[in-house]
Amino acid sequence: MKSIVFNLLFMMLITSYSIQAQKNNFYSKNFETNEQTTLTINLDDSHLILQPSTDGKVHVDYSFEFDGYSKKEIKEELTTIKADAVQFKNKITVTANKIRKEYKHYTYDGTGAMFIEGGLSGLFGADEDKKGAVIRKSKDSIIEELRFEKFKSLKFIGDKFKVKEADGTIRNLRDRGSLKIMRGKFIIKLPPYVKLTVKGKQSDLLIKGDVVNELNFDLELGSLKAQKILNDRNKIKVEFTSVKVEQIIGGDYIFNNVDGLIASIADITINSEFSEIELGEINSGVKITDFNSEYYFYNFSSNFKQFNLNSEYSKIHFFEPKADHSFKVFGNNTINYLGDIKVEMQPTQKDEKFNMMERKAKGKGVFSGHINFDIIHGIIYSYTDD
């Protein structure tokens with residue numbers, strides 16, 4: 001599955017306008033809260049940053065930076081954007097949508113939704129979608145991968161977008177031709193006790209900092225990127241979405257057609273189908289139920305206690321834990337690749353599950369936990385560091 005990209009577009013400027021850079025504070029509100037306050041956010045074709053609030057208020061801020069647009073074009077762009085926030089007693093509702101049907105490709109620069117129009121192809125390098133040999137990734141290496149911002153060299157300085165080169169020099173981005181650049185910053189800050197519901201379609205959601213709020217997400221056709229999501233009451237459903245998270249502790253997750261890269265998980269229940277998900281480190285309290293997905297289990301913590309997988313038609317890339325553990329595969333009609341060795345565990349005559357494989361703990365060193373696979377019609381690729 002190819003990674004879903006966030007929000008960037010290149011087009012040639014073919015008409016002549018009087019050009020002017022501008023920063024526009026489009027919408028700003030804040031609300032008083034208490035421990036009974038709930039926040040509902042409805043997103044349609046929008047790009048939102050969530051981060052903690054430190055003053056007990058919910059802050060809603062939407063701004064834009066323009067470079068290369070005429071006043072007329074800026075006015076036209078702003079008329080396509082809708083944002084509203086209202087409060088009734090302890091319930092706050094935020095609605096945002098931006099319909100841009102002509103935009104076919106887009107990215108998110110970690111600061112805001114980025115639209116660049118002009119001949120910039122290849123300036124930042126092409127996206128790669130290559131797979132070589134499967135190797136074990138560490139939790140830290142995945143975190144480093146997640147924190148890489150492809151467009152971090154792009155700065156808004158003196159009402160102009162500029163590029164900061166590797167040697168520290170700063171050049172005008174528009175030296176490469178006639179460009180139109182717009183970046184939208186939609187930021188909501190909320191206190192940790194506010195219960196949050198987000199309903200998003202074709203939208204990008206970036207969560208900064210340690211979010212301990214109780215979350216209820218229903219996201220479709222977009223992206224979810226986060227640092228730390230920490231609450232055992234979370235209910236998160238994502239479909240046809242890219243999920244990139246450094247750490248998840250607690251909650252129930254539904255992944256449908258998800259491209260996922262998660263550095264660390266604990267105390268989490270996952271129900272998935274038709275997805276491709278990489279897990280850097282599995283800690284205690286993890287249970288996965290899957291249909292027809294591809295998973296990469298790179299590492300297990302030294303005290304994961306027990307891990308349960310229940311799957312059908314799944315492909316599992318399994319790297320043996322480095323600490324002592326037990327491993328049991330129960331099911332039917334599954335193939336296990338041990339390096340170059342193919343072990344076919346044929347179906348029984350009555351199509352009943354049976355104990356296909358079991359490795360008991362060696363009794364050496366610290367025992368880390370039990371791994372249980374209940375798998376039907378699946379493929380297991382087993383790897384060791386050797």
# chains A, B, ... in the order shown; residues from 1 in each chain; ligands from 1

$ residues_around --residues "Asn256 of chain A" --least-positions-apart "2" --cutoff "9 Å" --atoms "only C-alpha atoms" --output "PyMOL selection string"
chain A and resi 237-241+254+258+271-275

$ closest_atom_pairs --of "segment 160-251 of chain A" --to "segment 71-78 of chain A" --cutoff "12 Å" --atoms "only C-alpha atoms" --output "Markdown table"
| residue | atom | partner | partner_atom | distance |
| --- | --- | --- | --- | --- |
| A:Lys180 | CA | A:Glu73 | CA | 10.1 |
| A:Ile181 | CA | A:Ile74 | CA | 10.8 |
| A:Met182 | CA | A:Ile74 | CA | 9.3 |
| A:Arg183 | CA | A:Glu77 | CA | 11.5 |
| A:Gly184 | CA | A:Leu78 | CA | 10.5 |

$ write_last_selection --atoms "C-alpha atoms" --output "mmCIF file, in the first residue's frame"
data_model
loop_
_atom_site.group_PDB
_atom_site.id
_atom_site.type_symbol
_atom_site.label_atom_id
_atom_site.label_comp_id
_atom_site.auth_asym_id
_atom_site.auth_seq_id
_atom_site.Cartn_x
_atom_site.Cartn_y
_atom_site.Cartn_z
ATOM 1 C CA LYS A 180 1.885 31.180 -5.834
ATOM 2 C CA ILE A 181 2.179 29.814 -2.300
ATOM 3 C CA MET A 182 -0.469 29.536 0.402
ATOM 4 C CA ARG A 183 -0.163 27.931 3.832
ATOM 5 C CA GLY A 184 -3.132 27.526 6.161
#

$ select_by_dssp --residues "segment 146-360 of chain A" --states "strand (DSSP E)" --output "PyMOL selection string"
chain A and resi 154-157+160-164+170-172+180-190+195-201+204-211+215-230+235-249+252-266+268-273+276-282+286-291+294-297+305-312+315-319+324-332+334-338+341-345+354-359
